[in-house]
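Engineer: Before anything else, here's the structure in question.
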Amino acid sequence: MSLDTILARIDDDLPEALERLMTLLRIPSISTDPAYKKDCLSAAEWVVADLASIGVDAEVRPTTGHPMVVGHVGEGAPHLLFYGHYDVQPVDPLNLWKRDPFDPAIEDTPNGKVIRGRGANDDKGQFMTFVEACRAWKAVTGTWPCKVTFFFEGEEECGSPSLVPFLKENADELSKPDIALISDTSLFDRETPGITTMLRGLLGEELIITGPDRDLHSGAYGGAAMNPARVLAKTIASLHDDTGRVTVPGFYDGVPEIKPNIMAQWEALGFDAEGFLGDVGLSVPAGEKGRSVLEMIWSRPTCEVNGMQSGYNGDGFKTVLPSIARTKISFRLVGTQDPAKIRKDFRAMVQAQMPADCEVEFIDHGCSPASVMRTDDPSFEKAREALSQEFPKAAAFIGSGGSIPIAGHFQDILDIDTMLIGFGLEDDGLHSPNEKYDVRSFHKGIRSWARILDRLTS
């Protein structure tokens, strides 16, 4: 059977595929709220039953939290592992929703039809694109294109506490695939798909600087007593030089330059840096001089202040010299930057700036290294070519400013790279009221996966 026949089957089956997705969206699988524990189990069981309907040997696997779903089917190379998550974010504030979050519907909008409901994009609508592509393939050919392992979790939206233990305990079963696939990201724009091949890591630090043993009257003690707020301000100001570079010693160790072929793809995307900043009321890039905005958000490391607190912040005025000043600072990491070394060097830098009458306490808010995929694997270029056949503009290998820990876990624990291929849009409202997923994205996502399966197995 030809690929065209499979694509035609996908087109004809779209109404039924949408109804299957609607059924899954009606299950309120909110993982962070214990009140929805049974619903999370129901979602896992629904996924198992749906996979079984297309011949996948799948089962619910218990964990100390919400269960995993694991299924195996097919044979032959390559062996693909597809990951998704069936849990969703809470719906608060409920009063901002235009309809019941778990009563999904197809709605008409100026940009076309959308699927409205919690989980429509993140991640039920996304992972069902792959399942539906497999369904069409099996219906048309009677077989599978290759060996496929399905792996779904139910705790992604609450930090995945069971994920790493499960991966380690089941490594023998899960570590054989050639590559992992995830559909939980976005298109570059409505007409341009992308394969995310680099994810920034994350390091979180909180500082608490203490000076006097109580808040002081600034008239009585000002000038004589050390002010922790002043110390904090000086410390924060020292983290960047005048060119926007981070000044933590050794910070740029392991930061790579982008390969010319990837840079050419990025330049061809026509990214509107002025519009990107203008949409949030800004106009001047504030990062490293000599770097494009796209480089700064995809491939360069950062140090950002996420919050500061000291002294009196209520209405009116209070002439206090505060006892304590605190801040939270996050570092986004790239390449092979070592989070542990950066934490050590950052703390030493801050400690060296403390005056005699001030002490600093550090609170660890976790860390994870960056994930960089080995795009010299021929399967990446095959997938890019397949995606380019479905959309008006050619697909590109792109970066992501955010962090997706599962990709790093697949590398570290299972020793496999991940292709992150998603079909969301910037206005889908992930984690927000009135979340949606364009019907076009869902449809073209299914067709895209069919093309990718065909290309990877040809």
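Residues are named by chain letter and number: chains run A, B, ... in the order of the structure tokens, numbers start at 1 in each chain, and ligands are numbered from 1 in the order shown.
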Using only C-alpha atoms, determine which residues lie at most 10 Å from A:Pro355, disregarding the query and same-chain residues fewer than 5 positions distant; provide the list as a VMD selection string.
Structural biologist: chain A and resid 211 226 228 231
Engineer: Take the residues from that selection and put them in a file with C-alpha atoms, as a tab-separated table (two decimals), in the first residue's frame.
Structural biologist:
```
chain	number	residue	atom	x	y	z
A	211	GLY	CA	22.45	41.72	58.32
A	226	MET	CA	24.99	47.48	56.85
A	228	PRO	CA	21.18	43.74	53.29
A	231	VAL	CA	24.26	44.17	49.47
```
Engineer: Tell me, as a list of chain:residue names, which residues lie within 10 Å of A:His409, counting only C-alpha atoms; anything in the same chain fewer than 4 positions away does not count.
Structural biologist: A:Leu163, A:Val164, A:Leu167, A:Lys168, A:Ser368, A:Ser371, A:Ile404, A:Pro405, A:Ile413, A:Leu414, A:Asp415, A:Ile416, A:Asp417
Engineer: Mind dumping a table of every stretch 339-439 of chain A residue within 10 Å of stretch 110-116 of chain A, with the nearest atom pair and its distance in Å to one decimal, using only C-alpha atoms, sorted by chain and rising number, as CSV?
Structural biologist:
```
residue,atom,partner,partner_atom,distance
A:Asp428,CA,A:Arg116,CA,9.3
A:Pro433,CA,A:Arg116,CA,9.9
A:Asn434,CA,A:Arg116,CA,6.5
A:Glu435,CA,A:Arg116,CA,6.0
A:Lys436,CA,A:Arg116,CA,4.4
A:Tyr437,CA,A:Ile115,CA,5.1
A:Asp438,CA,A:Val114,CA,4.1
A:Val439,CA,A:Val114,CA,5.1
```
Engineer: Compile a residue-level contact table for stretch 140-258 of chain A against stretch 323-336 of chain A at a cut-off of 12 Å, reporting for every qualifying residue the shortest atom pair and its distance in Å to one decimal, with only C-alpha atoms counted, rows ordered by chain and ascending number, as JSON lines.
Structural biologist:
```
{"residue": "A:Thr197", "atom": "CA", "partner": "A:Gly335", "partner_atom": "CA", "distance": 11.4}
{"residue": "A:Met198", "atom": "CA", "partner": "A:Val334", "partner_atom": "CA", "distance": 8.0}
{"residue": "A:Leu199", "atom": "CA", "partner": "A:Val334", "partner_atom": "CA", "distance": 7.3}
{"residue": "A:Arg200", "atom": "CA", "partner": "A:Val334", "partner_atom": "CA", "distance": 5.0}
{"residue": "A:Gly201", "atom": "CA", "partner": "A:Leu333", "partner_atom": "CA", "distance": 4.5}
{"residue": "A:Leu202", "atom": "CA", "partner": "A:Arg332", "partner_atom": "CA", "distance": 4.8}
{"residue": "A:Leu203", "atom": "CA", "partner": "A:Phe331", "partner_atom": "CA", "distance": 5.0}
{"residue": "A:Gly204", "atom": "CA", "partner": "A:Ser330", "partner_atom": "CA", "distance": 4.6}
{"residue": "A:Glu205", "atom": "CA", "partner": "A:Ile329", "partner_atom": "CA", "distance": 5.3}
{"residue": "A:Glu206", "atom": "CA", "partner": "A:Lys328", "partner_atom": "CA", "distance": 4.4}
{"residue": "A:Leu207", "atom": "CA", "partner": "A:Arg326", "partner_atom": "CA", "distance": 5.4}
{"residue": "A:Ile208", "atom": "CA", "partner": "A:Arg326", "partner_atom": "CA", "distance": 4.4}
{"residue": "A:Ile209", "atom": "CA", "partner": "A:Ala325", "partner_atom": "CA", "distance": 5.2}
{"residue": "A:Thr210", "atom": "CA", "partner": "A:Ile324", "partner_atom": "CA", "distance": 4.6}
{"residue": "A:Gly211", "atom": "CA", "partner": "A:Ser323", "partner_atom": "CA", "distance": 5.4}
{"residue": "A:Pro212", "atom": "CA", "partner": "A:Ser323", "partner_atom": "CA", "distance": 5.1}
{"residue": "A:Asp213", "atom": "CA", "partner": "A:Ser323", "partner_atom": "CA", "distance": 6.1}
{"residue": "A:Arg214", "atom": "CA", "partner": "A:Ser323", "partner_atom": "CA", "distance": 5.1}
{"residue": "A:Asp215", "atom": "CA", "partner": "A:Ser323", "partner_atom": "CA", "distance": 4.7}
{"residue": "A:Leu216", "atom": "CA", "partner": "A:Ser323", "partner_atom": "CA", "distance": 7.3}
{"residue": "A:His217", "atom": "CA", "partner": "A:Ser323", "partner_atom": "CA", "distance": 10.7}
{"residue": "A:Ser218", "atom": "CA", "partner": "A:Ser323", "partner_atom": "CA", "distance": 11.4}
{"residue": "A:Tyr221", "atom": "CA", "partner": "A:Ser323", "partner_atom": "CA", "distance": 11.8}
{"residue": "A:Ala225", "atom": "CA", "partner": "A:Ser323", "partner_atom": "CA", "distance": 10.1}
{"residue": "A:Met226", "atom": "CA", "partner": "A:Ser323", "partner_atom": "CA", "distance": 9.3}
{"residue": "A:Asn227", "atom": "CA", "partner": "A:Ser323", "partner_atom": "CA", "distance": 7.4}
{"residue": "A:Pro228", "atom": "CA", "partner": "A:Ala325", "partner_atom": "CA", "distance": 5.5}
{"residue": "A:Ala229", "atom": "CA", "partner": "A:Ala325", "partner_atom": "CA", "distance": 5.2}
{"residue": "A:Arg230", "atom": "CA", "partner": "A:Ala325", "partner_atom": "CA", "distance": 8.7}
{"residue": "A:Val231", "atom": "CA", "partner": "A:Ala325", "partner_atom": "CA", "distance": 8.4}
{"residue": "A:Leu232", "atom": "CA", "partner": "A:Ala325", "partner_atom": "CA", "distance": 6.5}
{"residue": "A:Ala233", "atom": "CA", "partner": "A:Ala325", "partner_atom": "CA", "distance": 9.2}
{"residue": "A:Lys234", "atom": "CA", "partner": "A:Ala325", "partner_atom": "CA", "distance": 11.8}
{"residue": "A:Thr235", "atom": "CA", "partner": "A:Thr327", "partner_atom": "CA", "distance": 10.4}
{"residue": "A:Ile236", "atom": "CA", "partner": "A:Thr327", "partner_atom": "CA", "distance": 8.9}
{"residue": "A:Leu239", "atom": "CA", "partner": "A:Ile329", "partner_atom": "CA", "distance": 10.5}
{"residue": "A:Val246", "atom": "CA", "partner": "A:Phe331", "partner_atom": "CA", "distance": 9.9}
{"residue": "A:Val248", "atom": "CA", "partner": "A:Phe331", "partner_atom": "CA", "distance": 10.9}
{"residue": "A:Phe251", "atom": "CA", "partner": "A:Leu333", "partner_atom": "CA", "distance": 9.4}
{"residue": "A:Tyr252", "atom": "CA", "partner": "A:Val334", "partner_atom": "CA", "distance": 9.3}
{"residue": "A:Asp253", "atom": "CA", "partner": "A:Thr336", "partner_atom": "CA", "distance": 7.8}
{"residue": "A:Gly254", "atom": "CA", "partner": "A:Thr336", "partner_atom": "CA", "distance": 4.6}
{"residue": "A:Val255", "atom": "CA", "partner": "A:Gly335", "partner_atom": "CA", "distance": 5.2}
{"residue": "A:Pro256", "atom": "CA", "partner": "A:Gly335", "partner_atom": "CA", "distance": 6.0}
{"residue": "A:Glu257", "atom": "CA", "partner": "A:Gly335", "partner_atom": "CA", "distance": 9.1}
{"residue": "A:Ile258", "atom": "CA", "partner": "A:Gly335", "partner_atom": "CA", "distance": 10.1}
```
Engineer: If you count only C-alpha atoms, which residues fall within 7 Å of A:Leu80, apart from same-chain ones fewer than 4 positions away, as a list in words?
Structural biologist: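 My reading of the contact set: Lys147, Val148, Thr149, Pro177, Asp178, Ile179 and Ala180 of chain A.
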